[in-house]
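J.: input_1.cif (mmCIF, C-alpha atoms) pasted underneath:
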```cif
data_data
loop_
_atom_site.label_atom_id
_atom_site.label_comp_id
_atom_site.auth_asym_id
_atom_site.auth_seq_id
_atom_site.Cartn_x
_atom_site.Cartn_y
_atom_site.Cartn_z
CA VAL A 466 3.26 5.24 -7.62
CA ALA A 467 -0.25 6.47 -8.28
CA GLU A 468 -2.26 7.83 -5.42
CA PRO A 469 -5.25 5.49 -5.75
CA ALA A 470 -2.91 2.56 -5.19
CA LEU A 471 -1.79 3.97 -1.86
CA PHE A 472 -5.33 4.81 -0.79
CA GLY A 473 -6.42 1.31 -1.63
CA LEU A 474 -3.67 -0.04 0.56
CA LEU A 475 -4.61 2.23 3.45
CA ILE A 476 -8.27 1.30 3.24
CA GLU A 477 -7.51 -2.41 3.28
CA MET A 478 -4.98 -2.16 6.06
CA GLY A 479 -7.57 -2.02 8.84
CA PRO A 480 -9.63 -5.05 7.82
CA ALA A 481 -6.48 -7.07 7.13
CA LEU A 482 -5.02 -6.36 10.54
CA GLU A 483 -8.35 -7.12 12.13
CA ALA A 484 -8.58 -10.45 10.35
CA ALA A 485 -5.12 -11.34 11.54
CA MET A 486 -6.02 -10.86 15.16
CA THR A 487 -7.85 -13.30 17.28
CA GLY A 488 -10.77 -11.47 18.80
CA GLY A 489 -9.05 -8.18 19.40
CA ALA A 490 -10.75 -4.92 20.21
CA ARG A 491 -11.03 -2.08 17.74
CA GLU A 492 -8.61 -0.07 19.80
CA ALA A 493 -5.99 -2.77 19.34
CA VAL A 494 -6.28 -2.38 15.59
CA PHE A 495 -5.85 1.38 15.90
CA PHE A 496 -2.85 0.81 18.08
CA LYS A 497 -1.31 -1.46 15.49
CA MET A 498 -1.96 1.02 12.75
CA GLU A 499 -0.20 3.63 14.78
CA MET A 500 2.75 1.31 15.27
CA LEU A 501 2.93 0.63 11.54
CA GLY A 502 2.88 4.34 10.89
CA TYR A 503 5.63 4.79 13.42
CA ASN A 504 7.86 2.27 11.68
CA VAL A 505 7.21 3.77 8.29
CA GLY A 506 7.69 7.34 9.52
CA GLN A 507 10.97 6.50 11.14
CA ARG A 508 12.40 4.94 8.03
CA LEU A 509 10.95 7.49 5.68
CA VAL A 510 12.40 10.42 7.57
CA GLU A 511 15.85 8.92 7.40
CA ARG A 512 15.68 9.12 3.67
CA LEU A 513 14.15 12.57 3.58
CA ALA A 514 16.53 14.16 6.05
CA LYS A 515 19.76 12.69 4.82
CA ASP A 516 20.72 15.76 2.80
CA HIS A 517 19.29 18.22 5.24
CA ALA A 518 21.52 20.58 7.19
CA ARG A 519 21.88 19.85 10.87
CA PHE A 520 18.81 20.92 12.82
CA THR A 521 19.41 23.79 15.19
CA ASP A 522 16.50 23.41 17.58
CA THR A 523 13.15 21.78 18.12
CA LEU A 524 11.27 24.37 16.14
CA ASP A 525 13.57 23.71 13.24
CA VAL A 526 12.71 20.03 13.37
CA VAL A 527 8.98 20.68 13.58
CA LYS A 528 9.26 23.03 10.64
CA PHE A 529 10.96 20.31 8.68
CA ILE A 530 8.01 18.03 9.44
CA CYS A 531 5.56 20.73 8.35
CA LYS A 532 7.33 21.38 5.10
CA GLU A 533 9.43 18.59 3.66
CA PHE A 534 7.86 15.65 5.43
CA TRP A 535 4.32 16.85 4.81
CA MET A 536 5.18 17.54 1.20
CA ALA A 537 6.55 14.03 0.72
CA VAL A 538 3.65 12.29 2.39
CA PHE A 539 0.63 14.48 1.80
CA ARG A 540 1.88 16.47 -1.19
CA LYS A 541 1.30 19.85 0.39
CA GLN A 542 2.55 21.81 3.34
CA VAL A 543 0.90 22.28 6.70
CA ASP A 544 -1.35 25.32 6.62
CA ASN A 545 -0.82 26.56 10.12
CA LEU A 546 1.64 25.89 12.91
CA LYS A 547 1.13 27.06 16.47
CA THR A 548 3.19 26.50 19.55
CA ASN A 549 3.06 27.39 23.22
CA HIS A 550 6.87 27.42 23.33
CA ARG A 551 6.77 24.75 25.99
CA GLY A 552 6.94 21.70 23.86
CA VAL A 553 3.46 21.67 22.37
CA TYR A 554 3.00 22.19 18.66
CA VAL A 555 -0.28 22.26 16.81
CA LEU A 556 -0.23 21.54 13.11
CA GLN A 557 -3.31 22.43 11.19
CA ASP A 558 -4.03 21.13 7.73
CA ASN A 559 -7.17 22.61 6.21
CA ASN A 560 -7.23 20.27 3.30
CA PHE A 561 -5.86 17.00 4.50
CA ARG A 562 -4.95 15.06 1.41
CA TRP A 563 -5.94 11.65 2.70
CA PHE A 564 -9.47 12.86 3.30
CA MET A 565 -9.96 14.11 -0.23
CA ASN A 566 -11.52 11.01 -1.65
CA ALA A 567 -13.63 10.18 1.33
CA SER A 568 -17.28 9.79 0.60
CA GLY A 569 -20.23 7.72 1.61
CA ALA A 570 -21.03 8.99 5.06
CA THR A 571 -24.08 11.17 5.10
CA THR A 572 -23.49 13.55 7.95
CA LEU A 573 -20.39 15.39 8.96
CA GLN A 574 -20.29 13.54 12.23
CA ASP A 575 -20.50 10.15 10.56
CA ALA A 576 -17.77 11.13 8.19
CA THR A 577 -15.48 12.23 10.96
CA GLN A 578 -16.19 9.01 12.82
CA ALA A 579 -15.49 6.92 9.76
CA MET A 580 -12.20 8.60 9.09
CA THR A 581 -10.86 8.06 12.58
CA PRO A 582 -8.84 4.98 11.60
CA PHE A 583 -7.13 7.02 8.95
CA LEU A 584 -5.87 9.42 11.56
CA TRP A 585 -4.06 6.76 13.53
CA PHE A 586 -1.71 5.85 10.78
CA PRO A 587 -0.55 9.43 10.09
CA CYS A 588 -0.18 10.03 13.85
CA GLY A 589 2.22 7.15 13.87
CA LEU A 590 3.98 8.50 10.81
CA ILE A 591 4.62 11.82 12.50
CA ARG A 592 5.64 10.29 15.79
CA GLY A 593 7.98 7.93 13.94
CA ALA A 594 9.49 10.75 11.93
CA LEU A 595 10.16 12.78 15.06
CA ALA A 596 11.62 9.76 16.77
CA GLY A 597 13.89 9.31 13.80
CA LEU A 598 15.09 12.85 14.34
CA GLY A 599 15.71 12.26 18.02
CA TYR A 600 12.56 13.40 19.76
CA ALA A 601 10.20 11.26 21.78
CA THR A 602 6.73 12.68 21.37
CA VAL A 603 3.04 12.10 21.81
CA VAL A 604 0.99 12.83 18.73
CA MET A 605 -2.76 13.18 18.68
CA ALA A 606 -5.02 13.98 15.80
CA GLU A 607 -8.50 15.33 15.60
CA SER A 608 -10.75 16.63 12.94
CA VAL A 609 -13.62 19.04 13.41
CA GLY A 610 -14.94 17.88 10.08
CA ILE A 611 -13.24 16.68 6.95
CA PRO A 612 -11.17 17.74 5.11
CA GLN A 613 -9.80 19.73 8.03
CA CYS A 614 -7.40 18.00 10.35
CA THR A 615 -5.29 19.00 13.32
CA PHE A 616 -2.30 17.21 14.78
CA GLN A 617 -1.06 18.02 18.23
CA ILE A 618 2.53 17.18 19.04
CA LYS A 619 3.81 17.08 22.60
CA ILE A 620 7.53 16.78 22.94
CA ALA A 621 8.29 14.45 25.82
CA THR A 622 12.06 14.63 25.89
CA GLY A 623 14.66 16.64 24.10
CA ARG A 624 17.87 15.11 22.99
CA MET B 175 -7.46 1.21 -31.94
CA ALA B 176 -6.59 4.84 -31.62
CA LYS B 177 -3.31 4.58 -29.80
CA PRO B 178 -0.97 1.70 -29.08
CA LEU B 179 -1.50 0.52 -25.52
CA LYS B 180 2.06 1.31 -24.51
CA THR B 181 1.70 4.97 -25.44
CA LEU B 182 -1.68 5.12 -23.80
CA GLY B 183 -0.26 3.72 -20.58
CA GLU B 184 2.52 6.28 -20.58
CA ASP B 185 0.14 9.13 -21.31
CA VAL B 186 -2.19 8.16 -18.53
CA TRP B 187 0.68 7.84 -16.09
CA ARG B 188 2.11 11.22 -17.08
CA THR B 189 -1.00 13.29 -17.24
CA LYS B 190 -3.92 11.68 -15.52
CA VAL B 191 -2.84 10.31 -12.17
CA GLU B 192 -1.85 11.98 -8.94
CA LYS B 193 1.38 10.54 -7.70
CA VAL B 194 2.57 9.77 -4.23
CA ASN B 195 5.96 9.10 -2.76
CA GLY B 196 7.00 5.62 -3.85
CA GLU B 197 9.05 5.04 -0.73
CA LEU B 198 6.06 5.79 1.44
CA PHE B 199 4.09 3.23 -0.53
CA ALA B 200 6.76 0.57 -0.38
CA LEU B 201 7.46 1.08 3.31
CA THR B 202 3.77 1.05 4.17
CA TYR B 203 3.18 -2.16 2.29
CA GLY B 204 6.29 -3.69 3.81
CA SER B 205 5.24 -2.95 7.33
CA ILE B 206 1.77 -4.34 6.72
CA VAL B 207 3.27 -7.59 5.49
CA THR B 208 5.64 -7.74 8.44
CA GLN B 209 2.79 -7.15 10.86
CA LEU B 210 0.68 -9.84 9.23
CA CYS B 211 3.55 -12.32 9.44
CA ARG B 212 3.84 -11.56 13.11
CA ASP B 213 0.11 -11.82 13.74
CA PHE B 214 -0.20 -15.09 11.88
CA ASN B 215 2.85 -16.55 13.63
CA ASN B 216 4.74 -16.78 10.36
CA ASN B 217 2.12 -19.00 8.84
CA TYR B 218 2.88 -17.81 5.33
CA ALA B 219 0.00 -19.62 3.71
CA LYS B 220 -2.37 -17.53 5.80
CA VAL B 221 -0.42 -14.35 5.13
CA ASN B 222 -0.57 -15.04 1.40
CA THR B 223 -4.31 -15.53 1.58
CA GLN B 224 -4.80 -12.35 3.53
CA LEU B 225 -2.67 -10.34 1.10
CA ASP B 226 -4.58 -11.77 -1.80
CA LYS B 227 -7.84 -10.81 -0.13
CA MET B 228 -6.60 -7.27 0.45
CA GLY B 229 -5.63 -7.09 -3.18
CA TYR B 230 -8.97 -8.41 -4.32
CA ASN B 231 -10.79 -5.66 -2.47
CA MET B 232 -8.40 -3.07 -3.83
CA GLY B 233 -8.79 -4.43 -7.34
CA THR B 234 -12.55 -4.16 -7.29
CA ARG B 235 -12.15 -0.46 -6.57
CA LEU B 236 -9.13 0.29 -8.70
CA ILE B 237 -10.83 -1.01 -11.81
CA GLU B 238 -13.20 1.96 -11.74
CA GLU B 239 -10.29 4.31 -11.49
CA PHE B 240 -8.70 2.44 -14.36
CA LEU B 241 -11.71 2.57 -16.63
CA ALA B 242 -12.35 6.22 -15.91
CA ARG B 243 -8.81 7.35 -16.59
CA SER B 244 -7.84 5.10 -19.48
CA GLN B 245 -11.14 5.50 -21.35
CA LEU B 246 -10.61 2.08 -22.80
CA GLY B 247 -13.39 0.00 -24.23
CA ARG B 248 -13.89 -3.73 -24.13
CA CYS B 249 -10.94 -5.99 -24.84
CA ARG B 250 -11.31 -8.15 -27.92
CA ASP B 251 -9.95 -11.28 -26.33
CA PHE B 252 -7.99 -12.46 -23.35
CA ARG B 253 -4.70 -11.82 -25.09
CA ASP B 254 -5.76 -8.22 -25.51
CA THR B 255 -6.61 -8.18 -21.82
CA ALA B 256 -3.12 -9.37 -21.00
CA GLU B 257 -1.54 -6.53 -22.94
CA THR B 258 -3.88 -4.01 -21.37
CA VAL B 259 -3.16 -5.18 -17.85
CA ALA B 260 0.57 -5.07 -18.44
CA LYS B 261 0.94 -1.91 -20.47
CA VAL B 262 -1.82 0.31 -19.17
CA ALA B 263 -3.00 -0.89 -15.76
CA PHE B 264 0.36 -1.62 -14.13
CA LYS B 265 1.87 1.41 -15.82
CA MET B 266 -0.86 3.66 -14.54
CA PHE B 267 -0.78 2.58 -10.91
CA LEU B 268 2.80 1.52 -10.32
CA ASN B 269 4.65 2.99 -13.27
CA ILE B 270 5.94 -0.40 -14.35
CA SER B 271 5.04 -2.50 -17.32
CA PRO B 272 5.64 -6.20 -16.91
CA THR B 273 6.27 -8.27 -20.02
CA VAL B 274 3.58 -10.58 -21.29
CA THR B 275 4.91 -14.03 -22.19
CA ASN B 276 3.94 -17.66 -22.37
CA VAL B 277 0.49 -17.03 -23.70
CA ALA B 278 -1.24 -20.40 -23.76
CA PRO B 279 -2.12 -21.70 -27.25
CA ASP B 280 -5.82 -21.29 -26.54
CA ALA B 281 -5.07 -17.81 -25.16
CA LYS B 282 -6.65 -18.69 -21.82
CA ALA B 283 -3.58 -18.00 -19.75
CA PHE B 284 -0.58 -15.72 -19.76
CA SER B 285 2.41 -14.86 -17.66
CA LEU B 286 3.60 -11.48 -16.54
CA ILE B 287 7.30 -11.08 -15.97
CA PHE B 288 8.17 -8.29 -13.56
CA ASP B 289 11.58 -6.75 -14.07
CA GLU B 290 10.99 -4.29 -11.30
CA ASN B 291 8.61 -4.23 -8.41
CA PRO B 292 8.08 -1.04 -6.46
CA LEU B 293 6.57 -3.00 -3.59
CA ALA B 294 9.70 -4.98 -3.01
CA GLU B 295 12.23 -2.22 -3.34
CA PHE B 296 13.68 -2.48 0.14
CA VAL B 297 12.87 -6.08 0.79
CA GLU B 298 14.95 -9.05 1.69
CA LEU B 299 13.12 -12.04 3.00
CA PRO B 300 14.35 -14.02 5.98
CA GLU B 301 15.48 -17.57 5.34
CA SER B 302 12.33 -19.02 6.89
CA ALA B 303 10.09 -17.18 4.44
CA ARG B 304 12.07 -18.45 1.51
CA ARG B 305 11.89 -22.10 2.32
CA ARG B 306 9.89 -23.73 -0.35
CA ALA B 307 8.08 -27.01 -0.12
CA VAL B 308 9.27 -29.22 -2.94
CA GLY B 309 6.70 -31.96 -3.15
CA SER B 310 7.05 -34.32 -0.22
CA THR B 311 10.77 -33.86 0.00
CA ALA B 312 10.41 -30.63 1.91
CA GLY B 313 13.20 -30.43 4.42
CA PRO B 314 12.52 -30.88 8.10
CA VAL B 315 11.70 -27.75 10.01
CA GLU B 316 14.74 -26.38 11.68
CA ASN B 317 13.63 -25.86 15.18
CA GLY B 318 14.97 -22.41 15.72
CA ASP B 319 12.70 -21.13 18.49
CA ALA B 320 11.46 -18.19 16.44
CA MET B 321 10.33 -20.54 13.75
CA ALA B 322 9.02 -23.29 15.96
CA SER B 323 5.43 -22.54 15.09
CA ALA B 324 5.99 -22.17 11.37
CA PRO B 325 4.95 -25.19 9.38
CA ALA B 326 7.28 -25.98 6.51
CA GLN B 327 4.98 -25.21 3.66
CA ALA B 328 4.26 -22.29 1.42
CA PRO B 329 6.92 -19.65 1.05
CA LEU B 330 5.88 -16.06 1.54
CA TRP B 331 4.75 -14.54 -1.72
CA PHE B 332 5.63 -11.06 -0.68
CA SER B 333 3.79 -9.28 -3.48
CA ASN B 334 0.72 -11.48 -3.32
CA VAL B 335 -1.40 -8.38 -3.06
CA LEU B 336 -0.81 -7.82 -6.78
CA CYS B 337 -2.37 -11.18 -7.63
CA GLY B 338 -5.39 -10.16 -5.65
CA VAL B 339 -5.60 -6.84 -7.42
CA VAL B 340 -5.50 -8.49 -10.83
CA ARG B 341 -8.09 -11.03 -9.77
CA GLY B 342 -10.41 -8.45 -8.24
CA ALA B 343 -10.12 -6.01 -11.09
CA LEU B 344 -10.70 -8.55 -13.83
CA GLU B 345 -13.63 -10.05 -12.00
CA MET B 346 -15.34 -6.67 -12.17
CA VAL B 347 -15.13 -6.85 -15.95
CA GLN B 348 -16.64 -10.32 -16.02
CA LEU B 349 -13.40 -12.25 -16.24
CA GLN B 350 -12.97 -14.76 -13.50
CA VAL B 351 -9.29 -15.53 -13.29
CA ASP B 352 -6.81 -17.30 -11.16
CA ALA B 353 -3.69 -15.25 -10.51
CA ARG B 354 -0.70 -16.60 -8.65
CA TRP B 355 3.04 -16.20 -8.44
CA VAL B 356 5.11 -18.87 -10.08
CA SER B 357 8.46 -17.44 -9.12
CA ASP B 358 9.79 -14.41 -7.31
CA VAL B 359 13.27 -12.91 -7.26
CA LEU B 360 12.86 -12.44 -3.52
CA LEU B 361 12.81 -16.21 -3.21
CA GLY B 362 16.00 -16.49 -5.18
CA ASP B 363 14.37 -17.14 -8.54
CA GLU B 364 15.67 -15.75 -11.80
CA CYS B 365 12.64 -13.60 -12.38
CA SER B 366 9.28 -12.75 -10.90
CA GLU B 367 6.50 -14.38 -12.82
CA MET B 368 2.79 -14.12 -12.25
CA ARG B 369 0.56 -16.61 -14.00
CA VAL B 370 -2.94 -15.48 -14.83
CA THR B 371 -5.41 -18.11 -15.97
CA LEU B 372 -8.89 -17.46 -17.24
CA ILE B 373 -11.42 -19.62 -15.45
CA LYS B 374 -14.52 -18.40 -17.16
CA VAL B 375 -16.22 -15.38 -18.57
CA LEU B 376 -18.93 -14.49 -16.12
CA GLU B 377 -22.44 -13.76 -17.24
CA ASP B 378 -24.07 -10.75 -15.73
CA GLU B 379 -24.58 -11.89 -12.22
CA VAL B 380 -24.00 -10.70 -8.74
CA PRO B 381 -20.43 -11.48 -7.78
CA ALA B 382 -20.02 -13.76 -4.82
CA GLY B 383 -19.42 -11.72 -1.72
CA GLU B 384 -15.98 -11.68 -0.29
CA ASP B 385 -14.65 -9.47 2.41
#
```
Translate the structure of the given file into structure tokens.
T.:
Amino acid sequence: VAEPALFGLLIEMGPALEAAMTGGAREAVFFKMEMLGYNVGQRLVERLAKDHARFTDTLDVVKFICKEFWMAVFRKQVDNLKTNHRGVYVLQDNNFRWFMNASGATTLQDATQAMTPFLWFPCGLIRGALAGLGYATVVMAESVGIPQCTFQIKIATGR
Amino acid sequence: MAKPLKTLGEDVWRTKVEKVNGELFALTYGSIVTQLCRDFNNNYAKVNTQLDKMGYNMGTRLIEEFLARSQLGRCRDFRDTAETVAKVAFKMFLNISPTVTNVAPDAKAFSLIFDENPLAEFVELPESARRRAVGSTAGPVENGDAMASAPAQAPLWFSNVLCGVVRGALEMVQLQVDARWVSDVLLGDECSEMRVTLIKVLEDEVPAGED
């Protein structure tokens, strides 16, 4: 499937969900996007990981997300992975694929603001993928300016 | 014409477009549809409309992508349009090429038969979404509690977004069309058929706003 088709779908997702809700807040739309991402991530990871050797530890799982999962979804690998060895992982992508075609906003701040909805869906994707691999997590994303993007993963429970 | 459309479509697909994981695409679309069904209380008519609207907005943008990458000029007639949509446009974005059939004698309408549909790869519709109103003889609503609020009318046209895309894209090249599904394998039909009918060729004017 061609990339523009997927981007089109992602762009329209927000307005469609909004239209389907009766007077909901913006946050509710974000929340739904995250949930959709979660569902997709969970199912996608099942397919991706089915031929993968058994994971040895948490780091192994996170590495899988950074490499294979990222490759499948964003067509590149994560640029930088940091951890505090206490369940927090920070994934940094300096050239986040889904920001590539963004345009229109005049200032960096506007742009970052405008892209916020597009961070919720991938957050869900990652959280879903990790859930599919047996880890309950909290995933947060932030961008100091496109196309850079950082995802912070907090592992809530091990398995 | 320099190249047959089929070859052109294949070339564009192979060399000019960035590709993404098809499963990601299918799963994302699927979960959007599911969410919409939930939000609209399984009122499939409304879901269909919303999907069509989404598609329309996508189509108005995708057409630019299409024109830029295919480098195609104006179509000679609507029949030519049909071939282009099937062999180049669908090929380029979804890597499928539906068959063009049933061209109306005045060439104002055509059907696209989809042998494969990447959107519906993992899909099986629930019984309620498949129920189809047949004139006035539509069966009574079974009052399963989940379905209590669902009126017995339109079935869910799962891939309705494609109709919207076709409609939106063609409208940007001055062709106002009506695109709708006639049958869908997901509803138990033999094949998936989309009927595209030309309403009129628009003069240069500002398209009516739709969001």
J.: Decode the PyMOL selection byres ((chain B) within 9 of (chain A)) for the given file into explicit residues and return them as a tab-separated table (two decimals) with C-alpha atoms, in the coordinates of the input.
T.:
```tsv
chain	number	residue	atom	x	y	z
B	187	TRP	CA	0.68	7.84	-16.09
B	191	VAL	CA	-2.84	10.31	-12.17
B	192	GLU	CA	-1.85	11.98	-8.94
B	193	LYS	CA	1.38	10.54	-7.70
B	194	VAL	CA	2.57	9.77	-4.23
B	195	ASN	CA	5.96	9.10	-2.76
B	196	GLY	CA	7.00	5.62	-3.85
B	197	GLU	CA	9.05	5.04	-0.73
B	198	LEU	CA	6.06	5.79	1.44
B	199	PHE	CA	4.09	3.23	-0.53
B	201	LEU	CA	7.46	1.08	3.31
B	202	THR	CA	3.77	1.05	4.17
B	203	TYR	CA	3.18	-2.16	2.29
B	204	GLY	CA	6.29	-3.69	3.81
B	205	SER	CA	5.24	-2.95	7.33
B	206	ILE	CA	1.77	-4.34	6.72
B	209	GLN	CA	2.79	-7.15	10.86
B	210	LEU	CA	0.68	-9.84	9.23
B	211	CYS	CA	3.55	-12.32	9.44
B	213	ASP	CA	0.11	-11.82	13.74
B	214	PHE	CA	-0.20	-15.09	11.88
B	220	LYS	CA	-2.37	-17.53	5.80
B	221	VAL	CA	-0.42	-14.35	5.13
B	224	GLN	CA	-4.80	-12.35	3.53
B	225	LEU	CA	-2.67	-10.34	1.10
B	227	LYS	CA	-7.84	-10.81	-0.13
B	228	MET	CA	-6.60	-7.27	0.45
B	229	GLY	CA	-5.63	-7.09	-3.18
B	231	ASN	CA	-10.79	-5.66	-2.47
B	232	MET	CA	-8.40	-3.07	-3.83
B	233	GLY	CA	-8.79	-4.43	-7.34
B	235	ARG	CA	-12.15	-0.46	-6.57
B	236	LEU	CA	-9.13	0.29	-8.70
B	239	GLU	CA	-10.29	4.31	-11.49
B	266	MET	CA	-0.86	3.66	-14.54
B	267	PHE	CA	-0.78	2.58	-10.91
B	268	LEU	CA	2.80	1.52	-10.32
B	269	ASN	CA	4.65	2.99	-13.27
B	292	PRO	CA	8.08	-1.04	-6.46
B	385	ASP	CA	-14.65	-9.47	2.41
```
J.: Which residues are near stretch 247-250 of chain B? Cut-off 12 Å, all atoms listed in the file, ignore same chain within fewer than 4 positions. Put them as number ranges by chain.
T.: B: 175-176, 179, 240-243, 254-259, 281, 344, 347-349
J.: In Å, with one decimal, what is the gap from atom CA of A:Asn545 to atom CA of A:Ile530?
T.: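 Taking atom CA of A:Asn545 and atom CA of A:Ile530, their separation equals 12.3 Å.
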J.: Applied to this file, what does the PyMOL selection byres ((chain B and resi 326-340) around 9) return in terms of residues, put as a ChimeraX atom specification?
T.: /B:204,207,216-219,221-234,236-237,259,291,293-294,297,299,302-308,312-315,324-325,341-345,351-355,357-358,360-361,368-370
J.: Using the chain letters and numbering of this document, enumerate as number ranges by chain the residues selected by the PyMOL selection byres ((chain B and resi 260) around 9).
T.: B: 180, 255-259, 261-265, 270-274, 286
J.: If we count only C-alpha atoms and set the cut-off at 8 Å, which residues sit around A:Asp544, ignoring sequence neighbours fewer than 5 positions away in its own chain? Please answer as a compact mmCIF listing (two decimals) with C-alpha atoms, keeping the file's coordinate frame.
T.:
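Output (around-v4.txt):
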```
# COMPACT_ATOMS: atom_id res chain seq x y z
CA LEU A 556 -0.23 21.54 13.11
CA GLN A 557 -3.31 22.43 11.19
CA ASP A 558 -4.03 21.13 7.73
CA ASN A 559 -7.17 22.61 6.21
```
J.: For stretch 594-601 of chain A, work out the shell of residues within 12 Å, counting all atoms listed in the file and skipping chain neighbours fewer than 5 positions away, then give it as a ChimeraX atom specification.
T.: /A:502-515,517,519-531,533-535,538,552,587-589,618-624
J.: When you count all atoms listed in the file, which of these residues is closest to B:Ala283: B:Gln350, B:Thr208, B:Asn215, B:Ser366?
T.: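 Answer, going by the shortest atom-to-atom distance: B:Gln350.
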J.: Using Å and a single decimal, report how far atom CA of A:Cys614 sits from atom CA of A:Phe561.
T.: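 Interatomic distance here is 6.1 Å.
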J.: Quick one: distance from atom CA of A:Glu499 to atom CA of A:Val555 in Å, one decimal?
T.: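 So the two atoms, atom CA of A:Glu499 and atom CA of A:Val555, lie 18.7 Å apart.
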J.: Please report, as AutoDock Vina command-line options, the centre and edge lengths in Å to one decimal of an axis-aligned box covering all listed atoms of stretch 208-213 of chain B with 8 Å per side.
T.:
```
--center_x 2.9 --center_y -9.7 --center_z 11.1 --size_x 21.5 --size_y 21.2 --size_z 21.3
```
